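One structure is given below, encoded as structure tokens.
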Amino acid sequence: MTRRHRAVRIALAAVLATCVTGSRPVAADAKRAPTVSAEASALFPKIDGWKLSDGPTTYDSDRLFEYIDGGADLFLQFAFQELASATYAKDPVRHGKGGESSPGHSPTAKAEITVDIYRHKDAVRAFGMYSQERPAGTTRLSIGADGYAGADHLEFVVGSYYVKLVQLGGKEPAVLRTFAEKVAASLPGTRKAPALLSCFPERGKRVRAERLAARDFLGHPFLHDAVAVPYAVGQASFRLFVVEGKDNADVRAMVQRYRALGSAKDAGADPVAGQGSLTVKDPLNGDVDLQWKGRWLWGAVDQPCAERASLVEELGRNVADLNQ
């Protein structure tokens with residue numbers, strides 16, 4: 001459903017509310033209408049040869065589903081705050097004198113570029129949402145902290161902002177790149193990916209396939225704020241992961257609950273110590289190797305092999321460096 005169709009539906013609902021006994025007053029419906037603010041307007045720069053044809057319009061966490069019905073829940077997991085959306089339009093290019101089309105030519109289809117700027121609570125959560133939607137193995141664009149593009153779309157992340165651009169009426173990657181660079185320049189925040197990503201060993205790692213999970217990691221509600229990276233070594237495929245706890249007590253609580261799920265090899269005596277290692281036979285994921293220290297919990301899941309154990313040890317050494 002287009003933004004114009006949504007606006008018509010909202011206006012129609014307001015009219016009907018005045019005609020039906022017991023309906024909410026128009027003022028109540030008006031509060032649900034898309035809004036715009038000076039702050040949102042400032043996010044959309046002027047682009048030579050283009051003009052804003054729709055928006056900017058903003059959606060908060062209560063109304064995001066109106067814009068991306070079916071996809072809002074995942075954004076909310078990553079502490080979504082607000083979406084600002086606007087569409088730029090460029091007039092058709094005509095051939096011939098006096099603006100008329102030349103014989104045998106028709107006006108070029110009107111090009112539009114929609115820019116959606118999703119603001120999250122912080123840079124890690126914005127990158128996390130971006131990682132959920134970025135296809136593995138894409139070529140990195142040096143826009144913001146990270147970016148990638150297709151023929152008619154481009155996505156990138158800057159600080160706490162996850163930005164999507166979609167072009168209609170043409171496929172011009174260079175135009176999208178220009179738009180993206182100008183939008184990125186107007187946004188505050190870090191231009192670096194989360195430091196934790198650099199902890200994962202390069203040996204066997206799949207290119208640009210890391211995924212951040214805000215909650216329910218490996219299907220368990222007590223595992224939160226995780227990063228998982230797939231690896232392929234020989235015939236074995238597995239994932240290394242790191243979970244960041246609030247503190248050591250939080251990490252020990254996660255280990256305690258995980259250990260209670262099923263049999264745990266070398267579990268040791270209760271309570272869970274401040275650091276240690278064990279293997280949990282997870283009913284959902286099979287044998288999961290765990291190590292923990294401080295506010296960090298790391299390990300491996302999926303196909304076990306000797307190389308997997310070696311990479312877990314290397315990952316642990318790298319994670320330890322984050323505390324220094």
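Labels for the structure tokens follow display order: chains A, B, ..., residues from 1 in each chain, ligands from 1.
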
Exercise. Within 9 Å of Ala126 (chain A), counting only C-alpha atoms, which residues show up once you throw out same-chain ones fewer than 5 positions away? Write them as a ChimeraX atom specification, please.
Key: /A:78-80,118-121,131,157-162

Quiz item: Got a sec to tell me which of region 98-222 of chain A DSSP assigns to strand (DSSP E or B), as a PyMOL selection string?
Solution: chain A and resi 111-120+144+146-149+153-158+161-168+205+211-213

Practice problem: Could you jot down the CA of Gly169 (chain A) to CA of Gly137 (chain A) separation for me, Å, one decimal place? | Solution: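 CA of Gly169 (chain A) sits 27.2 Å away from CA of Gly137 (chain A).
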
Quiz prompt | Selection near Val175 (chain A), 12 Å with only C-alpha atoms, sequence-local residues under 4 positions removed, as a ChimeraX atom specification | solution = /A:47-50,88,90,111-113,149,151-154,165-168,170-171,179-182

Selection to disk with C-alpha atoms, as a compact mmCIF listing (two decimals), in the first residue's frame:
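result.txt, written as the output of this step:
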# COMPACT_ATOMS: atom_id res chain seq x y z
CA ILE A 47 19.56 17.28 -3.84
CA ASP A 48 20.23 19.13 -7.08
CA GLY A 49 17.64 18.28 -9.72
CA TRP A 50 15.32 16.63 -7.21
CA TYR A 88 12.13 12.75 -3.81
CA LYS A 90 12.70 14.14 -10.59
CA ALA A 111 11.98 8.77 -11.26
CA GLU A 112 11.35 8.70 -7.53
CA ILE A 113 13.60 7.84 -4.62
CA ALA A 149 23.36 -1.85 -2.64
CA ALA A 151 20.27 -2.22 -8.75
CA ASP A 152 17.41 -0.14 -7.33
CA HIS A 153 18.05 0.00 -3.58
CA LEU A 154 20.76 0.92 -1.11
CA LEU A 165 16.77 4.05 -0.16
CA VAL A 166 14.59 2.66 -2.96
CA GLN A 167 14.47 3.98 -6.51
CA LEU A 168 11.34 3.72 -8.64
CA GLY A 170 14.82 3.55 -13.05
CA LYS A 171 17.92 1.70 -11.92
CA PHE A 179 21.67 10.37 -2.32
CA ALA A 180 23.11 8.02 0.30
CA GLU A 181 26.29 10.02 0.73
CA LYS A 182 24.38 13.26 1.19
